[in-house]
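Chemist: Got a structure for you, written out below as structure tokens; questions coming shortly.
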Amino acid sequence: MNTDEFKNSIYNELVKLGYRPVLFYNKEPYTGKDTFFCPQAPELYMLIITKGATRIQKSGKDHYTANTSTQVKSVADIPILHNEINSIIYQNNESSLKDKSSGCLGMMLLIITIGSILLLF
């Protein structure tokens with residue numbers, strides 16, 4: 001499965017579950033199909049899925065960026081990821097998160113990651 005096929009398959013499944021895709025980035029249309037607002041708390045949580053990594057970003061007072069334990073490799077992983085995100089958001093159970101970073105470094109890593117993704121496509 002190539003990158004576009006991967007993105008299209010997970011995109012449709014995430015939209016069915018209520019995840020809203022990011023459609024604009026820096027006031028420009030964004031069609032990456034890899035960054036979503038989480039339906040559980042769209043003002044606080046974003047999900048970033050690329051073929052090699054699945055990350056969640058929390059904004060606000062206790063902001064962070066972290067890898068999820070569930071790394072999406074196919075559409076079959078989406079329900080498992082959705083359950084993990086539900087646990088993170090509804091039960092405040094962040095024990096499944098890996099490489100959690102906060103503060104300026106975390107934000108810089110996110111900006112670099114998104115910039116790198118945009119350069120690849």
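By convention in this document, the chains of the structure tokens carry letters A, B, ... by their order, each chain's residues are numbered from 1, and ligands are numbered from 1 in the order they are shown.
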So which residues of chain A fall under strand (DSSP E or B) by DSSP, listed as a PDB file with N, CA, C and O atoms, in the first residue's frame?

Modeler:
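Saved file result-v3.pdb follows:
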```pdb
ATOM      1  N   ARG A  20     -12.300  15.196  12.701  1.00  0.00           N
ATOM      2  CA  ARG A  20     -12.403  16.233  11.678  1.00  0.00           C
ATOM      3  C   ARG A  20     -11.015  16.539  11.131  1.00  0.00           C
ATOM      4  O   ARG A  20     -10.100  16.873  11.899  1.00  0.00           O
ATOM      5  N   PRO A  21     -10.850  16.458   9.824  1.00  0.00           N
ATOM      6  CA  PRO A  21      -9.527  16.730   9.240  1.00  0.00           C
ATOM      7  C   PRO A  21      -9.178  18.210   9.317  1.00  0.00           C
ATOM      8  O   PRO A  21     -10.051  19.071   9.296  1.00  0.00           O
ATOM      9  N   PHE A  24      -7.082  23.669   6.790  1.00  0.00           N
ATOM     10  CA  PHE A  24      -6.268  24.851   6.530  1.00  0.00           C
ATOM     11  C   PHE A  24      -5.065  24.848   7.447  1.00  0.00           C
ATOM     12  O   PHE A  24      -5.156  24.454   8.611  1.00  0.00           O
ATOM     13  N   TYR A  25      -3.933  25.277   6.926  1.00  0.00           N
ATOM     14  CA  TYR A  25      -2.702  25.401   7.695  1.00  0.00           C
ATOM     15  C   TYR A  25      -2.052  26.707   7.263  1.00  0.00           C
ATOM     16  O   TYR A  25      -1.806  26.906   6.068  1.00  0.00           O
ATOM     17  N   GLU A  28      -3.742  28.587   4.456  1.00  0.00           N
ATOM     18  CA  GLU A  28      -3.681  27.959   3.141  1.00  0.00           C
ATOM     19  C   GLU A  28      -4.409  26.620   3.208  1.00  0.00           C
ATOM     20  O   GLU A  28      -4.370  25.943   4.239  1.00  0.00           O
ATOM     21  N   PRO A  29      -5.061  26.213   2.113  1.00  0.00           N
ATOM     22  CA  PRO A  29      -5.713  24.899   2.109  1.00  0.00           C
ATOM     23  C   PRO A  29      -4.701  23.790   2.398  1.00  0.00           C
ATOM     24  O   PRO A  29      -3.575  23.823   1.909  1.00  0.00           O
ATOM     25  N   THR A  35      -3.826  14.905   9.606  1.00  0.00           N
ATOM     26  CA  THR A  35      -3.960  15.626  10.858  1.00  0.00           C
ATOM     27  C   THR A  35      -5.441  15.867  11.115  1.00  0.00           C
ATOM     28  O   THR A  35      -6.154  16.372  10.246  1.00  0.00           O
ATOM     29  N   PHE A  36      -5.895  15.486  12.322  1.00  0.00           N
ATOM     30  CA  PHE A  36      -7.315  15.511  12.641  1.00  0.00           C
ATOM     31  C   PHE A  36      -7.552  16.105  14.027  1.00  0.00           C
ATOM     32  O   PHE A  36      -6.738  15.936  14.931  1.00  0.00           O
ATOM     33  N   PHE A  37      -8.704  16.748  14.183  1.00  0.00           N
ATOM     34  CA  PHE A  37      -9.176  17.157  15.500  1.00  0.00           C
ATOM     35  C   PHE A  37      -9.919  15.975  16.097  1.00  0.00           C
ATOM     36  O   PHE A  37     -10.744  15.350  15.421  1.00  0.00           O
ATOM     37  N   TYR A  45      -7.378  18.483  21.574  1.00  0.00           N
ATOM     38  CA  TYR A  45      -6.577  17.353  21.091  1.00  0.00           C
ATOM     39  C   TYR A  45      -6.582  17.247  19.574  1.00  0.00           C
ATOM     40  O   TYR A  45      -7.625  17.357  18.933  1.00  0.00           O
ATOM     41  N   MET A  46      -5.388  16.990  19.035  1.00  0.00           N
ATOM     42  CA  MET A  46      -5.225  16.708  17.616  1.00  0.00           C
ATOM     43  C   MET A  46      -4.512  15.375  17.463  1.00  0.00           C
ATOM     44  O   MET A  46      -3.676  15.006  18.297  1.00  0.00           O
ATOM     45  N   LEU A  47      -4.828  14.692  16.398  1.00  0.00           N
ATOM     46  CA  LEU A  47      -4.223  13.410  16.079  1.00  0.00           C
ATOM     47  C   LEU A  47      -3.464  13.566  14.774  1.00  0.00           C
ATOM     48  O   LEU A  47      -3.989  14.099  13.806  1.00  0.00           O
ATOM     49  N   ILE A  48      -2.208  13.116  14.766  1.00  0.00           N
ATOM     50  CA  ILE A  48      -1.371  13.193  13.570  1.00  0.00           C
ATOM     51  C   ILE A  48      -0.948  11.771  13.211  1.00  0.00           C
ATOM     52  O   ILE A  48      -0.279  11.106  14.013  1.00  0.00           O
ATOM     53  N   ILE A  49      -1.366  11.324  12.035  1.00  0.00           N
ATOM     54  CA  ILE A  49      -1.051   9.958  11.614  1.00  0.00           C
ATOM     55  C   ILE A  49      -0.304  10.008  10.288  1.00  0.00           C
ATOM     56  O   ILE A  49      -0.805  10.518   9.293  1.00  0.00           O
ATOM     57  N   THR A  50       0.900   9.481  10.307  1.00  0.00           N
ATOM     58  CA  THR A  50       1.657   9.280   9.076  1.00  0.00           C
ATOM     59  C   THR A  50       1.945   7.792   8.971  1.00  0.00           C
ATOM     60  O   THR A  50       1.680   7.041   9.915  1.00  0.00           O
ATOM     61  N   ALA A  53       4.296   6.925  11.953  1.00  0.00           N
ATOM     62  CA  ALA A  53       4.119   7.385  13.331  1.00  0.00           C
ATOM     63  C   ALA A  53       2.691   7.857  13.574  1.00  0.00           C
ATOM     64  O   ALA A  53       2.057   8.412  12.681  1.00  0.00           O
ATOM     65  N   THR A  54       2.227   7.626  14.792  1.00  0.00           N
ATOM     66  CA  THR A  54       0.917   8.097  15.229  1.00  0.00           C
ATOM     67  C   THR A  54       1.134   8.885  16.505  1.00  0.00           C
ATOM     68  O   THR A  54       1.654   8.358  17.488  1.00  0.00           O
ATOM     69  N   ARG A  55       0.739  10.178  16.457  1.00  0.00           N
ATOM     70  CA  ARG A  55       0.967  11.068  17.597  1.00  0.00           C
ATOM     71  C   ARG A  55      -0.320  11.783  17.984  1.00  0.00           C
ATOM     72  O   ARG A  55      -1.184  12.008  17.152  1.00  0.00           O
ATOM     73  N   ILE A  56      -0.370  12.159  19.246  1.00  0.00           N
ATOM     74  CA  ILE A  56      -1.460  12.980  19.746  1.00  0.00           C
ATOM     75  C   ILE A  56      -0.850  14.255  20.304  1.00  0.00           C
ATOM     76  O   ILE A  56       0.250  14.228  20.864  1.00  0.00           O
ATOM     77  N   GLN A  57      -1.565  15.347  20.103  1.00  0.00           N
ATOM     78  CA  GLN A  57      -1.098  16.635  20.617  1.00  0.00           C
ATOM     79  C   GLN A  57      -2.205  17.235  21.461  1.00  0.00           C
ATOM     80  O   GLN A  57      -3.352  17.314  21.026  1.00  0.00           O
ATOM     81  N   LYS A  58      -1.853  17.629  22.660  1.00  0.00           N
ATOM     82  CA  LYS A  58      -2.792  18.308  23.543  1.00  0.00           C
ATOM     83  C   LYS A  58      -2.365  19.768  23.626  1.00  0.00           C
ATOM     84  O   LYS A  58      -1.188  20.067  23.845  1.00  0.00           O
ATOM     85  N   TYR A  64       1.137  18.966  25.450  1.00  0.00           N
ATOM     86  CA  TYR A  64       2.202  18.010  25.148  1.00  0.00           C
ATOM     87  C   TYR A  64       1.998  17.434  23.761  1.00  0.00           C
ATOM     88  O   TYR A  64       0.941  17.573  23.153  1.00  0.00           O
ATOM     89  N   THR A  65       3.010  16.773  23.279  1.00  0.00           N
ATOM     90  CA  THR A  65       2.962  15.951  22.076  1.00  0.00           C
ATOM     91  C   THR A  65       3.548  14.605  22.470  1.00  0.00           C
ATOM     92  O   THR A  65       4.554  14.552  23.173  1.00  0.00           O
ATOM     93  N   ALA A  66       2.900  13.519  22.023  1.00  0.00           N
ATOM     94  CA  ALA A  66       3.382  12.191  22.396  1.00  0.00           C
ATOM     95  C   ALA A  66       2.994  11.174  21.327  1.00  0.00           C
ATOM     96  O   ALA A  66       2.001  11.350  20.622  1.00  0.00           O
ATOM     97  N   ASN A  67       3.784  10.129  21.242  1.00  0.00           N
ATOM     98  CA  ASN A  67       3.426   8.994  20.403  1.00  0.00           C
ATOM     99  C   ASN A  67       2.395   8.163  21.152  1.00  0.00           C
ATOM    100  O   ASN A  67       2.494   7.992  22.367  1.00  0.00           O
ATOM    101  N   LYS A  98       3.929   7.455  24.735  1.00  0.00           N
ATOM    102  CA  LYS A  98       5.376   7.264  24.678  1.00  0.00           C
ATOM    103  C   LYS A  98       6.031   8.549  24.184  1.00  0.00           C
ATOM    104  O   LYS A  98       5.441   9.289  23.413  1.00  0.00           O
ATOM    105  N   ASP A  99       7.240   8.777  24.603  1.00  0.00           N
ATOM    106  CA  ASP A  99       8.026   9.935  24.155  1.00  0.00           C
ATOM    107  C   ASP A  99       7.256  11.243  24.326  1.00  0.00           C
ATOM    108  O   ASP A  99       7.240  12.094  23.438  1.00  0.00           O
ATOM    109  N   LYS A 100       6.627  11.383  25.469  1.00  0.00           N
ATOM    110  CA  LYS A 100       5.829  12.575  25.751  1.00  0.00           C
ATOM    111  C   LYS A 100       6.752  13.760  25.977  1.00  0.00           C
ATOM    112  O   LYS A 100       7.692  13.690  26.747  1.00  0.00           O
ATOM    113  N   SER A 101       6.462  14.849  25.278  1.00  0.00           N
ATOM    114  CA  SER A 101       7.266  16.057  25.454  1.00  0.00           C
ATOM    115  C   SER A 101       6.321  17.246  25.551  1.00  0.00           C
ATOM    116  O   SER A 101       5.270  17.284  24.924  1.00  0.00           O
TER     117      SER A 101
END
```

Chemist: Could you give me, as a ChimeraX atom specification, the residues within 12 Å of segment 1-3 of chain A, counting only C-alpha atoms and dropping anything in the same chain fewer than 5 positions from it?

Modeler: /A:8-11,32-34,49-52,73-75,117,120-121

Chemist: Using all heavy atoms, can you write the selected residues to a file as a short mmCIF file (atom, residue, chain, number, x, y, z; two decimals), in the first residue's frame?

Modeler:
```
data_model
loop_
_atom_site.label_atom_id
_atom_site.label_comp_id
_atom_site.auth_asym_id
_atom_site.auth_seq_id
_atom_site.Cartn_x
_atom_site.Cartn_y
_atom_site.Cartn_z
N ASN A 8 -5.81 7.58 2.39
CA ASN A 8 -7.22 7.51 2.02
C ASN A 8 -7.98 6.48 2.84
O ASN A 8 -9.11 6.72 3.24
CB ASN A 8 -7.38 7.24 0.53
CG ASN A 8 -7.02 8.43 -0.32
OD1 ASN A 8 -7.18 9.58 0.10
ND2 ASN A 8 -6.52 8.18 -1.51
N SER A 9 -7.36 5.34 3.10
CA SER A 9 -8.05 4.30 3.86
C SER A 9 -8.28 4.72 5.31
O SER A 9 -9.37 4.53 5.84
CB SER A 9 -7.28 2.98 3.79
OG SER A 9 -6.06 3.06 4.50
N ILE A 10 -7.29 5.30 5.95
CA ILE A 10 -7.48 5.71 7.34
C ILE A 10 -8.34 6.96 7.43
O ILE A 10 -9.10 7.12 8.37
CB ILE A 10 -6.15 5.90 8.09
CG1 ILE A 10 -5.33 7.04 7.51
CG2 ILE A 10 -5.37 4.60 8.14
CD1 ILE A 10 -4.24 7.53 8.42
N TYR A 11 -8.23 7.83 6.44
CA TYR A 11 -9.00 9.08 6.43
C TYR A 11 -10.50 8.78 6.52
O TYR A 11 -11.21 9.31 7.37
CB TYR A 11 -8.69 9.86 5.15
CG TYR A 11 -9.47 11.15 5.00
CD1 TYR A 11 -8.99 12.32 5.56
CD2 TYR A 11 -10.66 11.17 4.29
CE1 TYR A 11 -9.70 13.51 5.41
CE2 TYR A 11 -11.37 12.36 4.14
CZ TYR A 11 -10.89 13.52 4.70
OH TYR A 11 -11.58 14.69 4.56
N GLY A 32 -3.46 17.22 3.38
CA GLY A 32 -2.58 16.14 3.78
C GLY A 32 -3.28 14.87 4.23
O GLY A 32 -2.71 13.79 4.19
N LYS A 33 -4.52 14.96 4.69
CA LYS A 33 -5.28 13.81 5.20
C LYS A 33 -4.53 13.06 6.28
O LYS A 33 -4.60 11.84 6.39
CB LYS A 33 -5.65 12.86 4.07
CG LYS A 33 -6.63 13.43 3.08
CD LYS A 33 -7.06 12.39 2.07
CE LYS A 33 -8.11 12.94 1.15
NZ LYS A 33 -8.58 11.94 0.20
N ASP A 34 -3.76 13.79 7.11
CA ASP A 34 -2.99 13.13 8.16
C ASP A 34 -3.11 13.79 9.53
O ASP A 34 -2.58 13.29 10.50
CB ASP A 34 -1.51 13.04 7.76
CG ASP A 34 -0.90 14.40 7.46
OD1 ASP A 34 -1.57 15.43 7.64
OD2 ASP A 34 0.26 14.43 7.02
N ILE A 49 -1.37 11.32 12.03
CA ILE A 49 -1.05 9.96 11.61
C ILE A 49 -0.30 10.01 10.29
O ILE A 49 -0.81 10.52 9.29
CB ILE A 49 -2.32 9.10 11.44
CG1 ILE A 49 -3.11 9.04 12.74
CG2 ILE A 49 -1.96 7.71 10.96
CD1 ILE A 49 -4.40 8.27 12.63
N THR A 50 0.90 9.48 10.31
CA THR A 50 1.66 9.28 9.08
C THR A 50 1.94 7.79 8.97
O THR A 50 1.68 7.04 9.92
CB THR A 50 2.97 10.09 9.08
OG1 THR A 50 3.75 9.69 10.20
CG2 THR A 50 2.70 11.57 9.14
N LYS A 51 2.47 7.38 7.87
CA LYS A 51 2.71 5.94 7.67
C LYS A 51 3.67 5.37 8.71
O LYS A 51 3.59 4.21 9.05
CB LYS A 51 3.21 5.68 6.26
CG LYS A 51 2.98 4.28 5.81
CD LYS A 51 3.14 4.12 4.33
CE LYS A 51 2.84 2.68 3.95
NZ LYS A 51 3.01 2.44 2.56
N GLY A 52 4.54 6.20 9.26
CA GLY A 52 5.52 5.70 10.21
C GLY A 52 5.30 6.08 11.66
O GLY A 52 6.01 5.61 12.54
N LYS A 73 -1.01 1.10 11.26
CA LYS A 73 -0.36 0.53 10.08
C LYS A 73 -1.39 0.17 9.02
O LYS A 73 -1.05 -0.01 7.87
CB LYS A 73 0.45 -0.70 10.48
CG LYS A 73 1.62 -0.34 11.37
CD LYS A 73 2.45 -1.56 11.73
CE LYS A 73 3.63 -1.13 12.57
NZ LYS A 73 3.58 -1.56 13.92
N SER A 74 -2.66 0.06 9.46
CA SER A 74 -3.75 -0.24 8.53
C SER A 74 -5.05 0.24 9.16
O SER A 74 -5.09 0.62 10.33
CB SER A 74 -3.83 -1.74 8.23
OG SER A 74 -4.36 -2.43 9.35
N VAL A 75 -6.10 0.16 8.39
CA VAL A 75 -7.41 0.60 8.87
C VAL A 75 -7.87 -0.23 10.06
O VAL A 75 -8.64 0.24 10.90
CB VAL A 75 -8.42 0.59 7.69
CG1 VAL A 75 -9.05 -0.76 7.49
CG2 VAL A 75 -9.46 1.65 7.87
N ILE A 117 6.56 16.87 6.90
CA ILE A 117 5.48 16.17 6.19
C ILE A 117 5.06 16.98 4.97
O ILE A 117 4.89 16.44 3.88
CB ILE A 117 4.29 15.93 7.13
CG1 ILE A 117 4.67 14.91 8.21
CG2 ILE A 117 3.06 15.45 6.35
CD1 ILE A 117 3.68 14.82 9.35
N LEU A 120 7.47 16.67 2.13
CA LEU A 120 7.47 15.37 1.44
C LEU A 120 6.39 15.27 0.41
O LEU A 120 6.47 14.49 -0.52
CB LEU A 120 7.30 14.24 2.46
CG LEU A 120 8.48 14.03 3.41
CD1 LEU A 120 8.12 13.00 4.46
CD2 LEU A 120 9.72 13.59 2.64
N PHE A 121 5.35 16.06 0.57
CA PHE A 121 4.21 15.94 -0.34
C PHE A 121 4.12 17.18 -1.11
O PHE A 121 3.61 17.75 -1.76
CB PHE A 121 2.93 15.64 0.41
CG PHE A 121 3.05 14.40 1.23
CD1 PHE A 121 3.29 14.47 2.59
CD2 PHE A 121 3.00 13.16 0.63
CE1 PHE A 121 3.42 13.32 3.32
CE2 PHE A 121 3.13 12.01 1.37
CZ PHE A 121 3.35 12.09 2.72
#
```

Chemist: Using only C-alpha atoms, find the one residue out of A:Glu13, A:Glu84, A:Asp62, A:Glu94 that sits nearest to Gln40 of chain A.

Modeler: A:Glu84

Chemist: Which one of A:Ser102, A:Asn26, A:Pro39, A:Asn12 sits closest to Ile85 of chain A if you count only C-alpha atoms?

Modeler: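 Among the listed residues, A:Pro39 lies closest to Ile85 of chain A.
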
Chemist: Could you tell me how far atom CA of Glu5 of chain A lies from atom CA of Ser96 of chain A, in Å and to one decimal?

Modeler: 27.7 Å

Chemist: From the options A:Ile80, A:Tyr90, A:Thr70, A:Ala41, which residue's atoms come nearest to Tyr19 of chain A, counting only C-alpha atoms?

Modeler: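 Closest to Tyr19 of chain A, using only C-alpha atoms: A:Ala41.
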
Chemist: Between atom CA of Ala76 of chain A and atom CA of Lys16 of chain A, what is the distance in Å, rounded to a tenth?

Modeler: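 Between atom CA of Ala76 of chain A and atom CA of Lys16 of chain A the gap works out to 13.7 Å.
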
Chemist: Which of these, A:Leu23, A:Val72, A:Glu43, A:Pro79, has the shortest distance to Ser59 of chain A once you count only C-alpha atoms?

Modeler: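 Checking each candidate against Ser59 of chain A, we get A:Glu43 as the closest.
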